Each structure stands twice: as structure tokens, then as C-alpha cells.
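Peer 1: This is the content of work.txt (compact mmCIF, C-alpha atoms):
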```txt
# COMPACT_ATOMS: atom_id res chain seq x y z
CA MET A 1 199.47 -129.18 99.62
CA LYS A 2 200.65 -132.61 100.62
CA LEU A 3 202.27 -132.92 104.01
CA ASN A 4 205.84 -134.13 104.03
CA THR A 5 205.47 -137.03 106.45
CA ASN A 6 209.23 -137.48 106.57
CA SER A 7 210.19 -134.02 107.80
CA ASN A 8 211.60 -133.68 111.30
CA VAL A 9 208.92 -131.24 112.41
CA TYR A 10 206.15 -133.56 111.30
CA THR A 11 207.77 -136.52 113.05
CA PHE A 12 208.12 -134.60 116.32
CA VAL A 13 204.58 -133.25 116.26
CA TYR A 14 203.16 -136.63 115.25
CA MET A 15 204.93 -138.54 118.03
CA THR A 16 203.98 -135.92 120.61
CA ILE A 17 200.33 -136.12 119.67
CA VAL A 18 200.33 -139.94 119.61
CA VAL A 19 201.98 -140.17 123.01
CA ILE A 20 199.64 -137.58 124.55
CA ILE A 21 196.56 -139.37 123.21
CA VAL A 22 197.78 -142.72 124.56
CA ALA A 23 198.75 -141.22 127.92
CA VAL A 24 195.38 -139.52 128.38
CA LEU A 25 193.54 -142.67 127.33
CA LEU A 26 195.45 -144.92 129.74
CA ALA A 27 195.19 -142.46 132.60
CA PHE A 28 191.45 -142.20 132.04
CA VAL A 29 190.99 -145.98 131.94
CA ASN A 30 193.17 -146.41 135.01
CA GLN A 31 191.14 -143.85 136.96
CA THR A 32 187.79 -145.30 135.93
CA LEU A 33 188.73 -148.87 136.76
CA LYS A 34 190.77 -148.15 139.88
CA GLN A 35 187.89 -148.55 142.30
CA ARG A 36 186.96 -151.94 140.84
CA GLN A 37 190.57 -153.11 140.84
CA ASP A 38 191.07 -152.08 144.45
CA ASP A 39 187.86 -153.86 145.42
CA ASN A 40 189.13 -156.97 143.64
CA LYS A 41 192.45 -156.78 145.46
CA GLN A 42 190.69 -156.34 148.79
CA LEU A 43 188.36 -159.25 148.07
CA ASP A 44 191.29 -161.40 146.97
CA MET A 45 193.12 -160.65 150.22
CA GLN A 46 190.03 -161.51 152.25
CA LYS A 47 189.59 -164.76 150.35
CA GLN A 48 193.22 -165.66 151.00
CA ILE A 49 192.90 -164.94 154.70
CA LEU A 50 189.77 -167.08 154.84
CA GLY A 51 191.76 -169.79 153.04
CA ALA A 52 194.50 -169.62 155.65
CA LEU A 53 191.84 -169.92 158.36
CA LYS A 54 190.34 -172.88 156.48
CA VAL A 55 186.94 -171.23 156.44
CA ASP A 56 184.67 -172.61 153.73
CA PHE A 57 182.84 -169.75 152.05
CA ALA A 58 181.45 -171.65 149.06
CA GLY A 59 178.10 -170.23 148.02
CA GLN A 60 178.40 -167.28 150.37
CA ASP A 61 179.66 -163.75 149.94
CA PRO A 62 183.32 -163.96 151.03
CA ALA A 63 183.34 -160.31 152.15
CA LYS A 64 180.44 -160.95 154.57
CA VAL A 65 182.02 -164.13 155.94
CA TYR A 66 185.25 -162.22 156.42
CA GLU A 67 183.57 -159.41 158.33
CA GLY A 68 181.94 -161.95 160.60
CA ILE A 69 185.31 -163.40 161.54
CA ILE A 70 187.63 -160.43 161.52
CA ALA A 71 185.98 -157.24 162.73
CA VAL A 72 187.02 -154.01 161.02
CA GLY A 73 190.08 -152.62 162.75
CA ASP A 74 190.66 -155.76 164.78
CA THR A 75 194.36 -155.80 164.01
CA LEU A 76 197.50 -155.52 166.07
CA LYS A 77 200.17 -153.24 164.66
CA PHE A 78 203.87 -153.96 164.99
CA GLY A 79 205.89 -151.38 163.14
CA GLU A 80 204.91 -151.73 159.51
CA LYS A 81 203.45 -155.18 160.02
CA GLN A 82 199.95 -155.92 161.17
CA VAL A 83 198.42 -159.04 162.60
CA PHE A 84 194.75 -159.85 162.04
CA VAL A 85 192.83 -161.21 164.99
CA ALA A 86 190.22 -163.72 163.88
CA HIS A 87 187.35 -165.05 165.97
CA LEU A 88 186.22 -168.31 164.41
CA ASN A 89 182.73 -169.73 164.72
CA ASP A 90 183.89 -172.35 167.23
CA SER A 91 184.88 -169.36 169.46
CA THR A 92 188.61 -169.94 169.12
CA VAL A 93 190.96 -167.04 168.45
CA LYS A 94 193.49 -167.24 165.63
CA TYR A 95 196.14 -164.78 164.57
CA VAL A 96 196.72 -164.20 160.87
CA LEU A 97 200.16 -162.94 159.82
CA PRO A 98 200.63 -161.56 156.30
CA LEU A 99 203.88 -162.72 154.71
CA ALA A 100 205.96 -161.46 151.80
CA GLY A 101 209.09 -162.85 150.18
CA LYS A 102 210.74 -163.84 146.94
CA GLY A 103 210.29 -166.94 144.78
CA LEU A 104 212.09 -167.92 141.60
CA TRP A 105 210.65 -165.45 139.10
CA GLY A 106 209.00 -162.87 141.29
CA GLY A 107 207.44 -162.10 144.61
CA ILE A 108 205.63 -164.64 146.73
CA GLY A 109 203.42 -163.97 149.70
CA GLY A 110 200.94 -165.56 151.99
CA TYR A 111 198.98 -165.60 155.20
CA LEU A 112 199.91 -167.70 158.20
CA ALA A 113 197.19 -168.50 160.74
CA LEU A 114 198.47 -169.29 164.22
CA ASP A 115 196.65 -170.75 167.19
CA GLU A 116 196.20 -168.64 170.29
CA ASP A 117 199.46 -169.99 171.73
CA LYS A 118 201.28 -168.13 168.91
CA ASN A 119 203.18 -171.33 168.28
CA THR A 120 201.12 -173.96 166.49
CA ILE A 121 200.27 -173.35 162.84
CA TYR A 122 196.55 -173.61 162.25
CA GLY A 123 196.60 -173.06 158.50
CA VAL A 124 198.49 -171.25 155.81
CA ASN A 125 197.82 -169.80 152.39
CA PHE A 126 200.37 -168.82 149.77
CA ASN A 127 200.21 -166.70 146.65
CA HIS A 128 202.76 -165.90 143.98
CA GLU A 129 203.22 -163.47 141.13
CA SER A 130 204.85 -165.61 138.48
CA GLU A 131 206.11 -168.99 139.67
CA THR A 132 206.22 -171.77 137.07
CA PRO A 133 202.79 -173.35 136.58
CA GLY A 134 202.86 -177.02 137.56
CA LEU A 135 206.04 -176.58 139.63
CA GLY A 136 206.61 -173.56 141.86
CA ALA A 137 203.01 -172.47 141.44
CA LYS A 138 202.00 -175.58 143.38
CA ILE A 139 202.65 -173.70 146.64
CA VAL A 140 199.11 -172.38 146.38
CA GLU A 141 197.61 -175.89 146.34
CA TYR A 142 196.17 -177.37 149.48
CA GLU A 143 198.30 -180.50 149.04
CA PHE A 144 201.38 -178.45 149.90
CA ARG A 145 199.81 -176.05 152.39
CA GLU A 146 198.28 -178.90 154.35
CA LYS A 147 201.75 -180.06 155.42
CA PHE A 148 202.20 -176.93 157.52
CA GLU A 149 199.19 -177.57 159.71
CA GLY A 150 200.07 -178.53 163.26
CA LYS A 151 203.74 -177.61 162.82
CA GLN A 152 205.33 -175.33 165.38
CA ILE A 153 207.36 -172.19 165.02
CA CYS A 154 208.85 -171.70 168.52
CA LYS A 155 211.25 -174.02 170.29
CA ASP A 156 212.20 -173.34 173.92
CA ASN A 157 210.71 -169.84 173.60
CA VAL A 158 212.89 -169.07 170.58
CA VAL A 159 211.30 -168.51 167.19
CA VAL A 160 212.82 -171.05 164.80
CA SER A 161 210.19 -170.87 162.03
CA VAL A 162 209.35 -173.81 159.79
CA ALA A 163 211.89 -175.01 157.25
CA VAL A 164 210.88 -176.29 153.81
CA LEU A 165 213.38 -179.05 153.04
CA LYS A 166 213.91 -181.65 150.36
CA LYS A 167 212.53 -185.06 151.20
CA GLY A 168 214.91 -187.02 153.40
CA LYS A 169 216.63 -183.99 154.90
CA THR A 170 215.98 -183.03 158.50
CA CYS A 171 216.53 -179.71 160.17
CA GLU A 172 218.15 -179.18 163.56
CA ALA A 173 214.97 -178.29 165.38
CA GLY A 174 213.29 -181.61 164.52
CA GLU A 175 210.33 -182.91 162.54
CA ASP A 176 207.76 -180.58 164.06
CA TYR A 177 209.57 -177.66 162.48
CA GLN A 178 209.89 -178.80 158.86
CA VAL A 179 207.85 -179.73 155.81
CA ASP A 180 208.76 -181.43 152.54
CA ALA A 181 209.61 -179.23 149.58
CA ILE A 182 207.93 -179.53 146.18
CA SER A 183 210.07 -181.70 143.94
CA GLY A 184 211.23 -179.83 140.86
CA ALA A 185 210.64 -176.46 142.52
CA THR A 186 213.71 -176.12 144.70
CA ILE A 187 214.10 -172.36 144.52
CA THR A 188 210.43 -171.60 145.13
CA SER A 189 210.44 -173.98 148.10
CA GLU A 190 213.55 -172.32 149.47
CA GLY A 191 211.85 -168.97 148.91
CA VAL A 192 208.90 -170.08 151.06
CA SER A 193 211.29 -171.31 153.72
CA LYS A 194 213.26 -168.08 153.70
CA MET A 195 210.13 -165.94 153.70
CA LEU A 196 208.74 -167.73 156.77
CA ASN A 197 212.08 -167.54 158.54
CA GLU A 198 212.66 -163.85 157.89
CA GLU A 199 209.15 -162.75 158.67
CA LEU A 200 208.81 -164.80 161.83
CA THR A 201 212.26 -164.33 163.34
CA LYS A 202 212.58 -160.65 162.39
CA ASN A 203 209.42 -158.78 161.50
CA TYR A 204 207.02 -160.57 163.84
CA LYS A 205 209.53 -161.10 166.63
CA GLU A 206 207.83 -158.51 168.78
CA PHE A 207 204.41 -160.09 168.31
CA LEU A 208 205.57 -163.66 168.88
CA ASN A 209 207.60 -162.79 171.97
CA VAL A 210 204.73 -161.07 173.79
CA LYS A 211 204.19 -163.39 176.72
CA PRO A 212 201.05 -163.81 178.84
CA ILE A 213 200.78 -161.11 181.52
CA GLU A 214 201.61 -163.13 184.66
CA GLU A 215 204.80 -164.43 183.17
CA LYS A 216 205.89 -160.95 182.17
CA GLU A 217 205.34 -159.60 185.68
CA ALA A 218 207.30 -162.46 187.17
CA GLN A 219 210.16 -161.68 184.85
CA ASP A 220 210.05 -157.98 185.76
CA VAL A 221 210.39 -158.86 189.42
CA GLU A 222 213.31 -161.11 188.67
CA SER A 223 215.15 -158.42 186.78
CA GLU A 224 214.76 -156.00 189.67
CA ASP A 225 216.51 -158.43 191.98
CA MET B 13 180.66 -165.38 100.79
CA LEU B 14 184.23 -164.23 101.20
CA SER B 15 186.45 -163.64 98.24
CA GLN B 16 189.43 -165.95 97.73
CA LYS B 17 191.84 -163.25 98.90
CA THR B 18 190.00 -162.52 102.15
CA LYS B 19 189.73 -166.23 102.78
CA ASP B 20 193.48 -166.58 102.39
CA THR B 21 194.05 -163.63 104.69
CA LEU B 22 191.89 -165.13 107.43
CA LEU B 23 192.53 -168.86 107.06
CA GLY B 24 196.08 -168.91 105.69
CA PRO B 25 197.70 -168.27 109.09
CA LEU B 26 195.77 -171.18 110.60
CA ASN B 27 197.61 -173.73 108.50
CA ALA B 28 199.79 -173.00 105.47
CA ASN B 29 201.22 -169.76 106.82
CA ASN B 30 200.98 -170.41 110.56
CA PRO B 31 202.89 -167.78 112.55
CA VAL B 32 204.34 -170.27 115.02
CA VAL B 33 205.14 -173.41 113.04
CA VAL B 34 205.88 -171.85 109.64
CA GLN B 35 207.15 -168.37 110.45
CA ILE B 36 208.60 -169.53 113.81
CA LEU B 37 207.41 -166.39 115.62
CA GLY B 38 206.21 -166.02 119.19
CA ILE B 39 208.03 -169.15 120.35
CA CYS B 40 209.11 -167.84 123.75
CA SER B 41 205.61 -167.13 125.02
CA ALA B 42 204.52 -170.47 123.55
CA LEU B 43 207.02 -172.12 125.91
CA ALA B 44 206.05 -170.06 128.92
CA VAL B 45 202.27 -170.40 129.13
CA THR B 46 201.67 -173.94 127.87
CA VAL B 47 202.21 -175.97 131.03
CA GLN B 48 198.47 -175.87 131.58
CA LEU B 49 195.59 -175.49 129.16
CA LYS B 50 193.74 -172.64 130.83
CA PRO B 51 196.46 -169.97 130.72
CA ALA B 52 197.27 -171.09 127.16
CA LEU B 53 193.64 -170.53 126.12
CA VAL B 54 193.42 -167.11 127.76
CA MET B 55 196.77 -166.12 126.28
CA GLY B 56 195.62 -167.23 122.84
CA ILE B 57 192.43 -165.19 123.12
CA ALA B 58 194.28 -162.14 124.48
CA VAL B 59 196.84 -162.22 121.66
CA THR B 60 194.10 -162.67 119.04
CA ILE B 61 192.17 -159.65 120.31
CA ILE B 62 195.25 -157.47 120.63
CA VAL B 63 196.79 -158.34 117.27
CA ALA B 64 193.45 -157.80 115.50
CA MET B 65 192.86 -154.44 117.17
CA ALA B 66 196.45 -153.26 116.70
CA ASN B 67 196.26 -154.23 113.03
CA VAL B 68 193.11 -152.16 112.56
CA ILE B 69 194.50 -149.11 114.35
CA VAL B 70 197.84 -149.15 112.55
CA SER B 71 196.08 -149.75 109.25
CA LEU B 72 193.82 -146.74 109.86
CA ILE B 73 196.72 -144.39 110.53
CA ARG B 74 199.18 -146.08 108.13
CA ASN B 75 199.30 -143.15 105.70
CA THR B 76 200.08 -140.60 108.40
CA ILE B 77 202.90 -142.51 110.12
CA PRO B 78 206.36 -141.03 109.50
CA MET B 79 208.38 -143.85 107.97
CA ARG B 80 211.47 -143.30 110.12
CA VAL B 81 209.63 -143.83 113.41
CA ARG B 82 207.03 -146.35 112.26
CA ILE B 83 208.32 -149.12 114.53
CA ILE B 84 208.01 -146.80 117.54
CA VAL B 85 204.46 -145.86 116.57
CA GLN B 86 203.55 -149.53 116.20
CA LEU B 87 205.10 -150.27 119.58
CA VAL B 88 203.15 -147.44 121.23
CA VAL B 89 199.91 -148.78 119.78
CA VAL B 90 200.62 -152.33 120.95
CA ALA B 91 201.80 -151.24 124.39
CA ALA B 92 198.71 -149.08 124.87
CA LEU B 93 196.42 -151.96 123.88
CA VAL B 94 198.19 -154.47 126.11
CA THR B 95 198.00 -152.10 129.08
CA LEU B 96 194.34 -151.52 128.32
CA VAL B 97 193.55 -155.25 128.20
CA SER B 98 195.53 -155.87 131.37
CA GLU B 99 193.68 -153.07 133.21
CA VAL B 100 190.31 -154.37 132.07
CA LEU B 101 191.18 -157.93 133.08
CA LYS B 102 192.29 -156.75 136.52
CA ALA B 103 188.96 -155.02 136.98
CA PHE B 104 186.64 -157.67 135.57
CA ALA B 105 188.52 -160.98 135.61
CA TYR B 106 190.97 -160.65 138.46
CA ASP B 107 191.74 -164.38 138.71
CA VAL B 108 192.68 -164.66 135.05
CA ALA B 109 194.84 -161.55 135.25
CA MET B 110 196.69 -162.99 138.22
CA GLN B 111 197.19 -166.30 136.42
CA LEU B 112 198.69 -164.70 133.33
CA SER B 113 200.76 -162.30 135.47
CA VAL B 114 203.83 -161.14 133.57
CA TYR B 115 203.04 -162.96 130.34
CA LEU B 116 200.20 -160.57 129.65
CA GLY B 117 202.63 -157.66 129.67
CA LEU B 118 205.04 -159.67 127.57
CA ILE B 119 202.52 -159.77 124.70
CA ILE B 120 204.08 -156.41 123.81
CA THR B 121 207.28 -158.19 122.87
CA ASN B 122 205.53 -161.00 120.97
CA CYS B 123 207.10 -161.01 117.53
CA ILE B 124 203.81 -161.98 115.88
CA LEU B 125 202.33 -158.58 116.70
CA MET B 126 205.18 -156.46 115.39
CA GLY B 127 205.56 -158.84 112.46
CA ARG B 128 201.94 -158.51 111.37
CA LEU B 129 201.88 -154.74 111.89
CA GLU B 130 205.01 -154.24 109.84
CA ALA B 131 204.28 -156.83 107.16
CA PHE B 132 200.54 -156.45 106.70
CA ALA B 133 198.81 -153.57 108.46
CA MET B 134 201.22 -150.94 107.14
CA THR B 135 200.22 -151.71 103.55
CA ASN B 136 196.62 -152.98 103.73
CA LYS B 137 193.12 -151.70 104.40
CA PRO B 138 191.61 -151.90 107.91
CA TRP B 139 189.14 -154.72 107.22
CA ASP B 140 191.78 -156.98 105.61
CA SER B 141 194.15 -156.12 108.45
CA PHE B 142 191.49 -157.07 110.97
CA LEU B 143 191.03 -160.49 109.31
CA ASP B 144 194.77 -160.96 109.09
CA GLY B 145 195.15 -160.19 112.80
CA LEU B 146 192.30 -162.53 113.67
CA GLY B 147 193.80 -165.32 111.57
CA ASN B 148 197.28 -164.95 112.98
CA GLY B 149 196.03 -164.72 116.55
CA LEU B 150 194.02 -167.91 116.08
CA GLY B 151 196.92 -169.63 114.35
CA TYR B 152 199.03 -168.84 117.39
CA ALA B 153 196.28 -169.96 119.76
CA ILE B 154 195.88 -173.33 118.01
CA ILE B 155 199.54 -174.21 118.51
CA LEU B 156 199.43 -173.07 122.15
CA VAL B 157 196.40 -175.27 122.76
CA ILE B 158 197.95 -178.33 121.07
CA VAL B 159 201.15 -178.01 123.09
CA ALA B 160 199.30 -177.23 126.32
CA VAL B 161 196.98 -180.24 125.97
CA VAL B 162 199.93 -182.62 125.57
CA ARG B 163 201.90 -181.03 128.39
CA GLU B 164 199.08 -180.85 130.92
CA LEU B 165 197.80 -184.33 130.09
CA LEU B 166 201.16 -186.08 130.29
CA GLY B 167 202.70 -183.75 132.85
CA SER B 168 199.94 -183.58 135.46
CA GLY B 169 197.33 -186.06 134.17
CA GLN B 170 194.78 -183.25 133.99
CA LEU B 171 193.02 -181.03 131.50
CA LEU B 172 191.78 -177.58 132.56
CA GLY B 173 192.42 -178.72 136.13
CA PHE B 174 190.18 -181.82 135.91
CA GLN B 175 191.78 -185.19 136.49
CA ILE B 176 191.74 -187.13 133.21
CA ILE B 177 194.04 -190.04 133.90
CA PRO B 178 192.24 -192.24 136.44
CA GLN B 179 193.69 -193.14 139.82
CA SER B 180 193.79 -196.82 138.83
CA PHE B 181 196.54 -196.01 136.30
CA TYR B 182 198.67 -194.49 139.06
CA ASN B 183 198.01 -197.50 141.25
CA ALA B 184 199.25 -199.71 138.42
CA GLY B 185 202.54 -197.85 138.35
CA TYR B 186 201.90 -195.03 135.86
CA GLU B 187 203.69 -191.81 136.67
CA ASN B 188 203.27 -188.23 135.47
CA ASN B 189 206.10 -187.17 133.22
CA GLY B 190 207.97 -184.40 135.04
CA MET B 191 209.86 -183.54 131.86
CA MET B 192 206.61 -182.23 130.36
CA LEU B 193 206.56 -179.44 132.93
CA MET B 194 209.94 -178.11 131.80
CA PRO B 195 210.08 -175.35 129.15
CA ALA B 196 212.50 -177.48 127.09
CA MET B 197 209.75 -180.02 126.47
CA ALA B 198 207.52 -177.30 125.00
CA LEU B 199 210.22 -176.54 122.47
CA ILE B 200 210.52 -180.23 121.56
CA LEU B 201 206.73 -180.45 121.21
CA VAL B 202 206.64 -177.36 118.99
CA GLY B 203 209.34 -179.09 116.96
CA CYS B 204 207.17 -182.20 116.66
CA VAL B 205 204.18 -180.10 115.57
CA ILE B 206 206.36 -178.44 112.91
CA TRP B 207 207.54 -181.89 111.75
CA VAL B 208 204.01 -183.25 111.40
CA HIS B 209 202.79 -180.03 109.80
CA ARG B 210 205.60 -180.01 107.22
CA SER B 211 205.25 -183.64 106.27
CA ILE B 212 201.50 -183.27 105.69
CA ASN B 213 201.82 -180.02 103.75
CA ASP B 214 204.68 -181.35 101.62
CA LYS B 215 202.55 -184.20 100.39
CA GLU B 216 199.72 -181.83 99.48
CA GLY B 217 202.15 -179.57 97.67
CA LYS B 218 203.55 -182.31 95.42
```
Here is a file; write its structure as C-alpha cells.

Peer 2:
Amino acid sequence: MKLNTNSNVYTFVYMTIVVIIVAVLLAFVNQTLKQRQDDNKQLDMQKQILGALKVDFAGQDPAKVYEGIIAVGDTLKFGEKQVFVAHLNDSTVKYVLPLAGKGLWGGIGGYLALDEDKNTIYGVNFNHESETPGLGAKIVEYEFREKFEGKQICKDNVVVSVAVLKKGKTCEAGEDYQVDAISGATITSEGVSKMLNEELTKNYKEFLNVKPIEEKEAQDVESED
Amino acid sequence: MLSQKTKDTLLGPLNANNPVVVQILGICSALAVTVQLKPALVMGIAVTIIVAMANVIVSLIRNTIPMRVRIIVQLVVVAALVTLVSEVLKAFAYDVAMQLSVYLGLIITNCILMGRLEAFAMTNKPWDSFLDGLGNGLGYAIILVIVAVVRELLGSGQLLGFQIIPQSFYNAGYENNGMMLMPAMALILVGCVIWVHRSINDKEGK
């Protein structure tokens, strides 16, 4: 007997079987590769943090270099956000702040390394999901990231962040608080600017406003008066 | 070694029956990934593998597929393969996967795949379908590479990330062409490739 491949019953059964086979196959592959993928993600994050800290790990295992600089669990938690505390080889302490925002086509993110004064930018690293290659995607290149180094994020104890502006424009806070945008990638540049502003003035407010102990005590006394 | 028919199946799509410049399929991804050579190469390879494999699978089950839902079955096969390739890339070539980002997933909507499945794999044997997929994938890859070479060279002065145009040119007043980085320029370049291709093939035909 020849099956009627055009009957409704056959079509239903056929589709059900096809979909089940595909679902099982994909679930199986996903489960088998998950560990590797997570390891890759973890390694990628560590590499990006090392990039923000301007640590050269060429020829070395990045995971080992990372562990030497940021000890496991050496993070400060502020709500949902966490700050990594890095001890560099020249015995300086840097804080690394993970960032997340939106670019033109999709999400952008990055890591901002601050000096111990929580004000001066030591280094920065950006990543993106799908910015235009050759334009917005240039935010990952050192040429662009370099411009952030030495810039400041606080003015008169108020977090003002760093603005990414078109060449020739200046922001209110002054030159120490701005960098040039990438020409041809206006929206991505604005996205970086907005991401920094939102993360620093909102999500990391608590971290950035923590003052050295003596100052805090002095303030407490004042408020009691 | 190969019969004339198999030869046509494999090599036809590279020139006379090229999916991009003759059938005008898969144009949108050709615009998206050709700013630089490396993503274009990886995309070309990924599409070649997926279209060849999808062709074989659909060809194997072609007699069991209910005609009324054949497009859905083809889509399921392609989607499963694309997801599979994307998972494998994430596990073994994380950098490449990140670079291709959404375009890898968008292979599902590449007209070349559905076109080949519907036009060839549904009516031909697995081995022929495999060759057809290989040929079409490579035909697509060739065009991507041609466009990407022009765009990266003139747009950023580089190829595969290496500086090709020397600094002395820039010192003498040469500038990278920003237009090359725009998607519109890819379309114009594809148009130029079609122009050249047609004028050569016309002469041979006459």
C-alpha cells in the first residue's frame, strides 16, 4: 500500500516527528557544547577586562594572568552591579566597572578601569553585538579607546561621566570630560556616551560616591550639628 | 572524471548561473557582511556548508515530504542546520561567531538556500544535490569576496586587517573612501560585477 503523503493525518504526523527530531537534536547539541561555550564566554570576559587594564597577555594563558590580577571573589557588589578590584603588577589598585548599553543595531558593552581615586580613567574596553564593521564596530579598536585614558568622570564631587562628542563640539564640563566621536558612526558613538553616562551617574553612583573614611566621619559630625 | 551534467551542476553556479549576479539572490547579506574580507570569507564558507548539507538532507527525504507543507519542512531543516553551525562556532571558534553575530542567524532567510532546496533538492538525488549546494555556495562566496576586497581595500586601505596601502600614500594626500563603508556602495559594486559578468558572457554567447 502506498502512503498518501497529502492526507491531513500524514502531514500532522510527519511534521510532529520532524519537529521532535530537530528539537531533540538541538537540545542535545546545546547541552553537550554548553560547558565549552560558557568557558569561552568567561575567557572572553577575562580577556576584555585585561584589555581594559592594558595588561599584555600575549603568549601567556589569559586565564592565569587574570587570576594573578583579580583574585576570585575580589569584587564589590552594588545592587545588581559588581566592581572588580584589580591589583596590577606595579602594585597599584584599579577598579573595573562592567558596562552595558545600546548601539545602533544591538547591544554594546564594555569594561571601564578606574584609578584608585575613582575619578581618572585608566583604560577602557568596548564590545558590541552587531555594529557596522568599519564604522560603529571601530569602538573596539585601541585608536578610539585610547582617547578615554586620563579623562575624568567626576567634577566637584559630582559624577558627570565622559561625553563622546563630534569633533569641534565641547561639553559643559570641559575638555577633560569628553572624547571625539567616530566619524560616520554617530549613533554608536552616542550609544557609548549614553551608556557611560547612565551607568556612572545611576548604577555606579553608590560606588563612586563612597568617600575615604576620614572625610565621611567629618561629614557625619557636621550633620549632627 | 565527472560527467558533463555533474560538471554543470557543480561549476554552473560559479559563472553562467551564479546565484548572486545572475539569479540576483542573497543580495541583502551580500551588502551586510562585505565591509571587510574576513567576515565575508567566513560567511561564504558557512553558507556553502549549510546549503550543501540542507540540499542533501532535503533530497534524502524528498519523497516523504507532504507537498502542502514542503516549504515549512525545508525551513525547519535550514533553521536546524544554522542553529547547529552557530552552536558549534560558539564552542570552537568564539571570535568568528562573535564577528558574524546576527548574520549567521540570518542565513536562514538567505534566498539562495530556499531557492536551491525548492528548485533542485526536491527533485534530484542526494549526490547531485550536494554538488549543486556546493556550487551555489561557492558562487555566492566568490561574489562576496570580490565585493569585500574592493570595499576593504578602498574603504580602509586594508585586506584581512593588514595595511595594504602604504603610509606614504596618505602623507601624499590619499584618503580612504568613506562611501565604500556604506551598504549602498556594496549594491553599486554588485551592480558593476553584474555588468562586467554580463558583457563577458554575452560575447561568449554570440

Peer 1: To one decimal place in Å, what is the distance between CA of Ile36 (chain B) and CA of Val81 (chain B)?

Peer 2: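 About the pair CA of Ile36 (chain B) and CA of Val81 (chain B): they are 25.7 Å apart.
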
Peer 1: Counting all atoms listed in the file, which residues of chain A come no farther than 9 Å from chain B, as a PyMOL selection string?

Peer 2: chain A and resi 4-7+10-11+14-15+18-19+22-23+25-26+29-30+33-41+44+128-130+132-135+184

Peer 1: Pick out the residues sitting within 7 Å of Ala163 (chain A), and hand them over as a list in words; count only C-alpha atoms, and ignore anything fewer than 6 positions along from it in its own chain.

Peer 2: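 Contacts, in chain order: Tyr177, Gln178, Val179 and Ser193 of chain A.
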
Peer 1: CA of Glu131 (chain A) and CA of Leu104 (chain A) are how many Å apart?

Peer 2: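 Straight-line distance from CA of Glu131 (chain A) to CA of Leu104 (chain A) works out to 6.4 Å.
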
Peer 1: Quick check, in Å to one decimal: how far apart do CA of Leu118 (chain B) and CA of Phe28 (chain A) lie?

Peer 2: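 These atoms are spaced 22.6 Å apart.
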
Peer 1: Counting all atoms listed in the file, figure out which residue out of A:Lys81, A:Ser189, A:Ile49, A:Pro98 gets nearest to Glu67 (chain A).

Peer 2: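 Result for the nearest residue to Glu67 (chain A): A:Ile49.
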
Peer 1: I'd like the neighbourhood of region 128-140 of chain B as a PyMOL selection string, where a residue qualifies if any of its atoms comes within 7 Å (using all atoms listed in the file), though same-chain residues fewer than 4 positions away should be ignored.

Peer 2: chain B and resi 18+67-68+70-72+74+86+124+144

Peer 1: Using all atoms listed in the file, pick whichever of B:Ala66, B:Leu171, B:Met55, B:Val162 has the shortest atom-to-atom distance to Ala109 (chain B).

Peer 2: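 Residue with the minimum atom-to-atom distance to Ala109 (chain B): B:Met55.
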
Peer 1: Need to verify the contact set: region 91-93 of chain A, 9 Å, all atoms listed in the file, exclusion of same-chain residues closer than 2 positions in sequence. Can you return it as an mmCIF file with C-alpha atoms, in the coordinates of the input?

Peer 2:
```
data_model
loop_
_atom_site.group_PDB
_atom_site.id
_atom_site.type_symbol
_atom_site.label_atom_id
_atom_site.label_comp_id
_atom_site.auth_asym_id
_atom_site.auth_seq_id
_atom_site.Cartn_x
_atom_site.Cartn_y
_atom_site.Cartn_z
ATOM 1 C CA VAL A 85 192.830 -161.210 164.990
ATOM 2 C CA ALA A 86 190.220 -163.720 163.880
ATOM 3 C CA HIS A 87 187.350 -165.050 165.970
ATOM 4 C CA LEU A 88 186.220 -168.310 164.410
ATOM 5 C CA ASN A 89 182.730 -169.730 164.720
ATOM 6 C CA TYR A 95 196.140 -164.780 164.570
ATOM 7 C CA LEU A 114 198.470 -169.290 164.220
ATOM 8 C CA ASP A 115 196.650 -170.750 167.190
ATOM 9 C CA GLU A 116 196.200 -168.640 170.290
#
```

Peer 1: Have a look at A:Tyr66, A:Phe207, A:Phe84, A:Trp105 and name the one nearest to Gly191 (chain A); count all atoms listed in the file.

Peer 2: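 Ranking A:Tyr66, A:Phe207, A:Phe84, A:Trp105 by distance to Gly191 (chain A), first place goes to A:Trp105.
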